[in-house]
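Structure file protein35.cif (mmCIF, C-alpha atoms) is printed below.
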```cif
data_target
#
loop_
_atom_site.group_PDB
_atom_site.id
_atom_site.type_symbol
_atom_site.label_atom_id
_atom_site.label_comp_id
_atom_site.auth_asym_id
_atom_site.auth_seq_id
_atom_site.Cartn_x
_atom_site.Cartn_y
_atom_site.Cartn_z
ATOM 1 C CA MET A 1 -110.785 8.653 -14.717
ATOM 2 C CA ARG A 2 -109.204 6.105 -12.431
ATOM 3 C CA LYS A 3 -109.581 6.354 -8.702
ATOM 4 C CA ALA A 4 -106.621 7.943 -6.941
ATOM 5 C CA ASN A 5 -105.265 5.218 -4.665
ATOM 6 C CA THR A 6 -101.833 6.381 -3.604
ATOM 7 C CA ALA A 7 -100.852 9.494 -1.675
ATOM 8 C CA ARG A 8 -98.996 10.696 -4.769
ATOM 9 C CA SER A 9 -101.984 10.255 -7.093
ATOM 10 C CA LYS A 10 -104.318 11.916 -4.565
ATOM 11 C CA LYS A 11 -101.963 14.877 -4.316
ATOM 12 C CA ALA A 12 -101.742 15.098 -8.130
ATOM 13 C CA LYS A 13 -105.538 15.071 -8.352
ATOM 14 C CA GLY A 14 -105.725 17.972 -5.897
ATOM 15 C CA LYS A 15 -102.993 19.895 -7.715
ATOM 16 C CA ALA A 16 -104.905 19.508 -10.985
ATOM 17 C CA LEU A 17 -107.919 21.294 -9.472
ATOM 18 C CA GLU A 18 -105.697 24.042 -8.039
ATOM 19 C CA SER A 19 -104.074 24.555 -11.444
ATOM 20 C CA TRP A 20 -107.461 24.633 -13.136
ATOM 21 C CA LEU A 21 -108.835 27.251 -10.700
ATOM 22 C CA ALA A 22 -105.759 29.485 -10.974
ATOM 23 C CA GLY A 23 -105.997 29.242 -14.759
ATOM 24 C CA GLU A 24 -109.677 30.190 -14.731
ATOM 25 C CA LEU A 25 -108.966 33.209 -12.504
ATOM 26 C CA ARG A 26 -106.244 34.315 -14.937
ATOM 27 C CA LYS A 27 -108.328 33.690 -18.087
ATOM 28 C CA SER A 28 -111.313 35.554 -16.702
ATOM 29 C CA GLY A 29 -109.184 38.579 -15.857
ATOM 30 C CA ALA A 30 -110.230 38.379 -12.195
ATOM 31 C CA ASP A 31 -106.550 38.015 -11.246
ATOM 32 C CA PRO A 32 -103.959 37.719 -14.030
ATOM 33 C CA THR A 33 -101.346 36.747 -11.415
ATOM 34 C CA ALA A 34 -103.258 33.848 -9.792
ATOM 35 C CA GLN A 35 -101.088 30.750 -9.266
ATOM 36 C CA PRO A 36 -101.423 27.455 -7.424
ATOM 37 C CA MET A 37 -99.579 27.817 -4.151
ATOM 38 C CA PRO A 38 -96.454 25.668 -4.022
ATOM 39 C CA LEU A 39 -96.419 23.486 -0.917
ATOM 40 C CA SER A 40 -100.036 24.503 -0.304
ATOM 41 C CA GLY A 41 -100.871 24.256 3.355
ATOM 42 C CA ALA A 42 -97.241 23.816 4.392
ATOM 43 C CA LEU A 43 -96.429 27.495 4.793
ATOM 44 C CA THR A 44 -97.613 28.863 8.128
ATOM 45 C CA PHE A 45 -98.054 32.406 6.798
ATOM 46 C CA PHE A 46 -100.011 31.449 3.657
ATOM 47 C CA LYS A 47 -102.511 28.616 3.786
ATOM 48 C CA SER A 48 -104.691 29.293 0.734
ATOM 49 C CA ASP A 49 -104.322 26.799 -2.131
ATOM 50 C CA ILE A 50 -104.232 29.690 -4.624
ATOM 51 C CA ARG A 51 -101.908 32.685 -4.471
ATOM 52 C CA THR A 52 -104.090 35.607 -5.530
ATOM 53 C CA ARG A 53 -104.658 39.312 -4.993
ATOM 54 C CA LEU A 54 -108.382 38.697 -4.611
ATOM 55 C CA PRO A 55 -109.884 39.006 -1.110
ATOM 56 C CA TYR A 56 -110.617 35.284 -0.933
ATOM 57 C CA SER A 57 -108.910 32.285 0.579
ATOM 58 C CA PHE A 58 -109.391 29.221 -1.622
ATOM 59 C CA GLU A 59 -109.417 25.638 -0.405
ATOM 60 C CA CYS A 60 -109.474 23.128 -3.280
ATOM 61 C CA LYS A 61 -110.684 19.552 -2.808
ATOM 62 C CA ASN A 62 -110.769 16.978 -5.599
ATOM 63 C CA GLN A 63 -112.311 13.992 -3.819
ATOM 64 C CA GLU A 64 -115.124 11.524 -4.250
ATOM 65 C CA ASN A 65 -116.317 11.780 -0.646
ATOM 66 C CA THR A 66 -117.612 15.161 0.404
ATOM 67 C CA LYS A 67 -116.959 16.645 3.809
ATOM 68 C CA VAL A 68 -118.140 20.169 3.116
ATOM 69 C CA TRP A 69 -118.417 21.228 6.765
ATOM 70 C CA GLU A 70 -114.846 20.130 7.510
ATOM 71 C CA TRP A 71 -113.573 21.718 4.309
ATOM 72 C CA TYR A 72 -115.321 24.997 5.057
ATOM 73 C CA GLU A 73 -113.942 25.046 8.607
ATOM 74 C CA GLN A 74 -110.448 24.539 7.185
ATOM 75 C CA ALA A 75 -110.945 27.336 4.650
ATOM 76 C CA SER A 76 -112.226 29.616 7.422
ATOM 77 C CA ARG A 77 -109.205 28.898 9.617
ATOM 78 C CA ASP A 78 -106.863 29.566 6.704
ATOM 79 C CA ALA A 79 -108.458 32.886 5.694
ATOM 80 C CA THR A 80 -106.606 35.911 7.032
ATOM 81 C CA GLY A 81 -107.565 39.539 7.468
ATOM 82 C CA LEU A 82 -110.446 40.490 5.205
ATOM 83 C CA GLU A 83 -110.304 37.307 3.107
ATOM 84 C CA LYS A 84 -113.516 35.359 2.661
ATOM 85 C CA PRO A 85 -113.199 31.560 2.628
ATOM 86 C CA ILE A 86 -114.275 29.674 -0.492
ATOM 87 C CA VAL A 87 -114.067 25.919 -0.997
ATOM 88 C CA VAL A 88 -113.800 24.754 -4.606
ATOM 89 C CA PHE A 89 -114.471 21.042 -4.912
ATOM 90 C CA LYS A 90 -115.118 18.395 -7.499
ATOM 91 C CA ARG A 91 -115.312 14.677 -7.974
ATOM 92 C CA ASN A 92 -114.621 12.519 -10.994
ATOM 93 C CA TYR A 93 -116.800 13.261 -14.012
ATOM 94 C CA SER A 94 -118.398 16.348 -12.488
ATOM 95 C CA GLU A 95 -117.841 20.047 -12.863
ATOM 96 C CA PRO A 96 -116.169 21.955 -10.040
ATOM 97 C CA MET A 97 -118.486 23.539 -7.483
ATOM 98 C CA ALA A 98 -117.913 26.392 -5.023
ATOM 99 C CA LEU A 99 -118.996 26.616 -1.407
ATOM 100 C CA LEU A 100 -119.165 29.840 0.562
ATOM 101 C CA SER A 101 -121.301 31.134 3.401
ATOM 102 C CA ALA A 102 -124.700 32.514 2.485
ATOM 103 C CA SER A 103 -123.799 35.864 4.066
ATOM 104 C CA ASP A 104 -120.680 36.098 1.876
ATOM 105 C CA LEU A 105 -122.804 35.231 -1.169
ATOM 106 C CA VAL A 106 -125.292 37.989 -0.347
ATOM 107 C CA GLN A 107 -122.416 40.441 0.164
ATOM 108 C CA MET A 108 -120.924 39.488 -3.236
ATOM 109 C CA ILE A 109 -124.280 39.898 -4.974
ATOM 110 C CA THR A 110 -124.792 43.272 -3.292
ATOM 111 C CA GLU A 111 -121.339 44.503 -4.358
ATOM 112 C CA ILE A 112 -121.912 43.347 -7.936
ATOM 113 C CA GLN A 113 -125.290 45.103 -8.022
ATOM 114 C CA GLN A 114 -123.750 48.314 -6.648
ATOM 115 C CA TYR A 115 -121.036 48.176 -9.315
ATOM 116 C CA TYR A 116 -123.651 47.517 -11.993
ATOM 117 C CA ASP A 117 -125.695 50.509 -10.765
ATOM 118 C CA ILE A 118 -122.599 52.754 -10.977
ATOM 119 C CA LEU A 119 -121.927 51.626 -14.549
ATOM 120 C CA LYS A 120 -125.569 52.130 -15.489
ATOM 121 C CA GLN A 121 -125.505 55.641 -14.015
ATOM 122 C CA LYS A 122 -122.342 56.506 -15.937
ATOM 123 C CA GLU A 123 -123.978 55.313 -19.163
ATOM 124 C CA SER A 124 -127.074 57.413 -18.565
ATOM 125 C CA ASP A 125 -124.920 60.496 -17.765
ATOM 126 C CA LYS A 126 -123.392 60.395 -21.253
#
```
Using structure tokens, write down the structure that the file contains.
Amino acid sequence: MRKANTARSKKAKGKALESWLAGELRKSGADPTAQPMPLSGALTFFKSDIRTRLPYSFECKNQENTKVWEWYEQASRDATGLEKPIVVFKRNYSEPMALLSASDLVQMITEIQQYYDILKQKESDK
């Protein structure tokens, strides 16, 4: 993949990651309505790069140079209400990665385990 040199190509590179993430959220069933946000960042009332019903605010970065602290601060500022900030980032020739706070990760794992325990209990009640 060629390096993005112009503002237009850099924007297209970012949009490609946003489209990919929204598509993955739809395909997985996590949110069948997930869409890349048009004019992402330009709307004062909605700053997330992905329009979703999930309780997360996504910031997508498709760049060679990583600035994870800055990106996470931006995602945190953009999160509203109960949304948890998540940065999804990638560089050329690498798979996308996700960044979230360790406390949010522990909370997610706990919620998944609680859900799993409920399902397991329902199975054993049959």
**Message:** Which residues are close to Glu24 in chain A, i.e. within 12 Å by all atoms listed in the file, leaving aside same-chain residues fewer than 3 positions away? Reply as number ranges by chain.
**Reply:** A: 17-21, 27-36, 50, 96
Export of the given selection (C-alpha atoms) as an mmCIF file, in the frame of the given file:
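And here is the file that came out, result23.cif:
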```
data_model
loop_
_atom_site.group_PDB
_atom_site.id
_atom_site.type_symbol
_atom_site.label_atom_id
_atom_site.label_comp_id
_atom_site.auth_asym_id
_atom_site.auth_seq_id
_atom_site.Cartn_x
_atom_site.Cartn_y
_atom_site.Cartn_z
ATOM 1 C CA LEU A 17 -107.919 21.294 -9.472
ATOM 2 C CA GLU A 18 -105.697 24.042 -8.039
ATOM 3 C CA SER A 19 -104.074 24.555 -11.444
ATOM 4 C CA TRP A 20 -107.461 24.633 -13.136
ATOM 5 C CA LEU A 21 -108.835 27.251 -10.700
ATOM 6 C CA LYS A 27 -108.328 33.690 -18.087
ATOM 7 C CA SER A 28 -111.313 35.554 -16.702
ATOM 8 C CA GLY A 29 -109.184 38.579 -15.857
ATOM 9 C CA ALA A 30 -110.230 38.379 -12.195
ATOM 10 C CA ASP A 31 -106.550 38.015 -11.246
ATOM 11 C CA PRO A 32 -103.959 37.719 -14.030
ATOM 12 C CA THR A 33 -101.346 36.747 -11.415
ATOM 13 C CA ALA A 34 -103.258 33.848 -9.792
ATOM 14 C CA GLN A 35 -101.088 30.750 -9.266
ATOM 15 C CA PRO A 36 -101.423 27.455 -7.424
ATOM 16 C CA ILE A 50 -104.232 29.690 -4.624
ATOM 17 C CA PRO A 96 -116.169 21.955 -10.040
#
```
**Item:** Using only C-alpha atoms: which of A:Leu25, A:Leu119, A:Leu105, A:Leu99 has the shortest distance to Glu59 in chain A
**Value:**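 Residue with the minimum atom-to-atom distance to Glu59 in chain A: A:Leu99.
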**For CA of Lys47 in chain A and CA of Asp78 in chain A, the interatomic separation in Å (one decimal)** =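 Answer for the CA of Lys47 in chain A to CA of Asp78 in chain A separation: 5.3 Å.
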**Item:** Given the PyMOL selection byres ((chain A and resi 100) around 12), the residues it picks as number ranges by chain
**Value:** A: 56-59, 68-69, 71-73, 75-76, 83-89, 97-99, 101-108
**Request:** Name the closest residue to Ala16 in chain A among the candidates A:Ile112, A:Ile118, A:Cys60, A:Leu82; distances are taken between atoms, counting all atoms listed in the file.
**Result:**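 Checking each candidate against Ala16 in chain A, we get A:Cys60 as the closest.
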**Request:** Compare A:Lys120, A:Arg77, A:Lys126, A:Lys13 by their minimum atom-to-atom distance to Arg91 in chain A, counting only C-alpha atoms, and give me the closest one.
**Result:**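 Smallest distance to Arg91 in chain A is found for A:Lys13.
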Could you tell me which residues the PyMOL selection byres ((chain A and resi 63) around 10) returns for this structure, as a compact mmCIF listing (two decimals) with C-alpha atoms, in the frame of the given file?
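File selection.txt, as written:
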```
# COMPACT_ATOMS: atom_id res chain seq x y z
CA LYS A 3 -109.58 6.35 -8.70
CA ALA A 4 -106.62 7.94 -6.94
CA LYS A 10 -104.32 11.92 -4.57
CA LYS A 13 -105.54 15.07 -8.35
CA GLY A 14 -105.72 17.97 -5.90
CA CYS A 60 -109.47 23.13 -3.28
CA LYS A 61 -110.68 19.55 -2.81
CA ASN A 62 -110.77 16.98 -5.60
CA GLU A 64 -115.12 11.52 -4.25
CA ASN A 65 -116.32 11.78 -0.65
CA THR A 66 -117.61 15.16 0.40
CA LYS A 67 -116.96 16.64 3.81
CA PHE A 89 -114.47 21.04 -4.91
CA LYS A 90 -115.12 18.40 -7.50
CA ARG A 91 -115.31 14.68 -7.97
CA ASN A 92 -114.62 12.52 -10.99
```
